[in-house]
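Everything below concerns the one structure shown next.
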Amino acid sequence: MQTNFRGRDFIGDLDFTKEEVETVLDVAWDLKRKRALGEPHALLRDKTLAMLFFFTSTRTRGSFEAGMAQLGGHGAFIDSETTQISHGDTAKEIGEIFGRYFDGIAIRQCDWDFGNKYINEVAKASRAPVLNMQCDVYHPFQCLADLMTIHEKKGRDLKRKKVVVSWAYAASYSKPISVPQSLILQMTRFGCDVVLAHPPEFKLMPDIMQQAKDNAQKYGVGFDVTDNMDEAFKDADVVYPKSWGPMMTTTGKDEGKALIDKYKSWITDERRMKLTKEDSIYMHCLPADRGLEVTDRVIDGPHSVVYDEAENRLHAQKAVMALTMS
Ligand code: CP
């Protein structure tokens, strides 16, 4: 049990060691149990969290806000467009000022080649811990909830479980690469064999890939990359197919859309799910482009765990908030 969390930021998945993530999950299970039993757990009474959003959100906003209330504190929703940020408030000023008003600052800023730098700049100036609600590089709270869900469905010992992180087609927009990046960083520390599948133009950041490879070597697990979705799905225990943009190839909107449209066949349907193990689970952070990323029959079908996965955002986030902000 690692206990040195008070006052610490959580911006990248590897900011917490493997043992610290185990502690976070331990606390998350306890808080989930307490909520199920209706046991009060006001660990952050009178504490406040600034929740600064530069992008829209359903799950992240809802779970952080509900989580703070359940912990006896208050989460203040702040839409960046209603602030003076566009009129000149700098990242340093946000860190200095909100760090004095609040006991924690949570930020979602996903702008490519900017979001992570912005969050780190706020953190440098803030006396209160800074929590990453998703940036251009990481989505660490999503990944904690994903790990919790995999443990819930597949047991704590993930040795030799095949976890597939796959690109999928979506028409809506060029989605951030933060979810697959967080997944390959965190899952390679927890015993499972990770397979990353994507078309050639949808690579992840080289330094993130290197860190995932280093983790795989350190923890003695597999980390393979393929451009064949069917091959990846074969005998998988967990599949996590989602869309992301070709930012490592192009940041041009039209060029990016043309690349995405080349791979409309990358959909998760019942034929593909039949390639996986009989008791495999289908995961998605949501929102999903139904009918394009995944068929209704899969996302609403027997393999899907998307609602339990979304619920676990609440418990994992409460655990980190209670540990860092108390
Ligand atoms: N998964 C996730 O982060 O959902 P939102 O974008 O709705 O917060």
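By order in the structure tokens, chains are A, B, ...; within a chain, residues start at 1; ligands start at 1, following the order shown.
Taking only C-alpha atoms, the non-local environment of stretch 206-220 of chain A within 6 Å (same-chain residues fewer than 4 positions away omitted) comprises A:Ile184, A:Leu185, A:Thr188, A:Arg189.
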Which residues sit within 7 Å of ligand 1, counting only C-alpha atoms and all ligand atoms, listed as a list of chain:residue names?
A:Thr56, A:Ser57, A:Thr58, A:Arg59, A:Thr60, A:Arg61, A:Gln142, A:Cys285, A:Leu286, A:Pro287
Write the residues of the preceding selection, restricted to C-alpha atoms, as a PDB file, in the first residue's frame.
ATOM      1  CA  THR A  56     -17.513  19.363 -24.185  1.00  0.00           C
ATOM      2  CA  SER A  57     -18.085  16.366 -21.928  1.00  0.00           C
ATOM      3  CA  THR A  58     -20.813  14.068 -20.655  1.00  0.00           C
ATOM      4  CA  ARG A  59     -19.116  11.428 -18.483  1.00  0.00           C
ATOM      5  CA  THR A  60     -16.116  13.389 -17.230  1.00  0.00           C
ATOM      6  CA  ARG A  61     -18.135  16.377 -16.084  1.00  0.00           C
ATOM      7  CA  GLN A 142     -10.513   7.039 -18.291  1.00  0.00           C
ATOM      8  CA  CYS A 285     -14.821   5.098 -23.456  1.00  0.00           C
ATOM      9  CA  LEU A 286     -17.862   6.665 -25.232  1.00  0.00           C
ATOM     10  CA  PRO A 287     -19.236   8.517 -27.038  1.00  0.00           C
TER      11      PRO A 287
END
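Taking atom CA of A:Ala236 and atom CA of A:Met133 as the two end points, the separation is 28.9 Å.
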Among stretch 175-272 of chain A, which ones does DSSP assign to alpha helix (DSSP H) (computed from the backbone)? Answer as a PyMOL selection string.
chain A and resi 178-187+206-219+229-233+253-261+270-272
Atomic distance atom CA of A:Phe233 - atom CA of A:Ser280, expressed in Å with one decimal
10.0 Å
Wanna dump the stretch 69-173 of chain A-stretch 256-272 of chain A contacts at 10 Å for me, each residue with its shortest atom pair and the distance in Å to one decimal, counting only C-alpha atoms, ordered by chain and number, as a tab-separated table?
residue	atom	partner	partner_atom	distance
A:Ser166	CA	A:Trp266	CA	9.0
A:Trp167	CA	A:Trp266	CA	7.4
A:Ala168	CA	A:Trp266	CA	5.0
A:Tyr169	CA	A:Trp266	CA	5.4
A:Ala170	CA	A:Ile260	CA	7.6
A:Ala171	CA	A:Asp261	CA	7.7
A:Ser172	CA	A:Lys257	CA	9.7
A:Tyr173	CA	A:Lys257	CA	8.1
Show me a table, sorted first by chain and then by increasing residue number, of the residues of stretch 135-244 of chain A having an atom at most 12 Å from stretch 291-314 of chain A, each with its shortest atom pair and the distance in Å to one decimal, counting only C-alpha atoms and written as a tab-separated table.
residue	atom	partner	partner_atom	distance
A:His139	CA	A:Arg313	CA	11.4
A:Pro140	CA	A:Arg313	CA	10.4
A:Phe141	CA	A:Arg313	CA	6.8
A:Gln142	CA	A:Arg313	CA	6.4
A:Cys143	CA	A:Arg313	CA	8.8
A:Leu144	CA	A:Arg313	CA	7.6
A:Ala145	CA	A:Asn312	CA	4.9
A:Asp146	CA	A:Glu309	CA	6.1
A:Leu147	CA	A:Glu309	CA	9.0
A:Met148	CA	A:Asn312	CA	6.9
A:Thr149	CA	A:Glu309	CA	5.6
A:Ile150	CA	A:Glu309	CA	8.7
A:His151	CA	A:Glu309	CA	11.0
A:Glu152	CA	A:Asp308	CA	9.3
A:Lys153	CA	A:Val305	CA	8.7
A:Lys154	CA	A:Val305	CA	11.7
A:Ser166	CA	A:Glu293	CA	10.6
A:Trp167	CA	A:Glu293	CA	8.9
A:Ala168	CA	A:Glu293	CA	5.3
A:Tyr169	CA	A:Glu293	CA	5.0
A:Ala170	CA	A:Glu293	CA	5.4
A:Ala171	CA	A:Leu292	CA	7.4
A:Ser172	CA	A:Leu292	CA	9.6
A:Ala236	CA	A:His303	CA	11.9
A:Asp237	CA	A:His303	CA	10.3
A:Val238	CA	A:His303	CA	9.3
A:Val239	CA	A:His303	CA	9.6
A:Tyr240	CA	A:Val306	CA	10.2
A:Pro241	CA	A:Glu293	CA	7.6
A:Lys242	CA	A:Glu293	CA	6.6
A:Ser243	CA	A:Glu293	CA	6.9
A:Trp244	CA	A:Glu293	CA	10.7
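Comparing the minimum interatomic distances between A:Arg160 and each of A:Leu131, A:Ala36, A:Val195, A:Met247, counting only C-alpha atoms, we find that A:Val195 sits nearest.
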If we count only C-alpha atoms, what is near A:Val320 at a cut-off of 10 Å, once residues fewer than 3 positions away on the same chain are taken out, given as a list in words?
Phe5, Arg6, Arg8, Asp9, Phe10, Val21, Thr23, Val24, Leu25, Val27, Ala28, Leu131, Phe141, Leu144, His315, Ala316, Gln317, Leu323, Thr324, Met325 and Ser326 of chain A
Of the candidates A:Gly62, A:Pro200, A:Gly104, A:Gly245, which one gets nearest to A:Gly7 if we count only C-alpha atoms?
A:Gly104
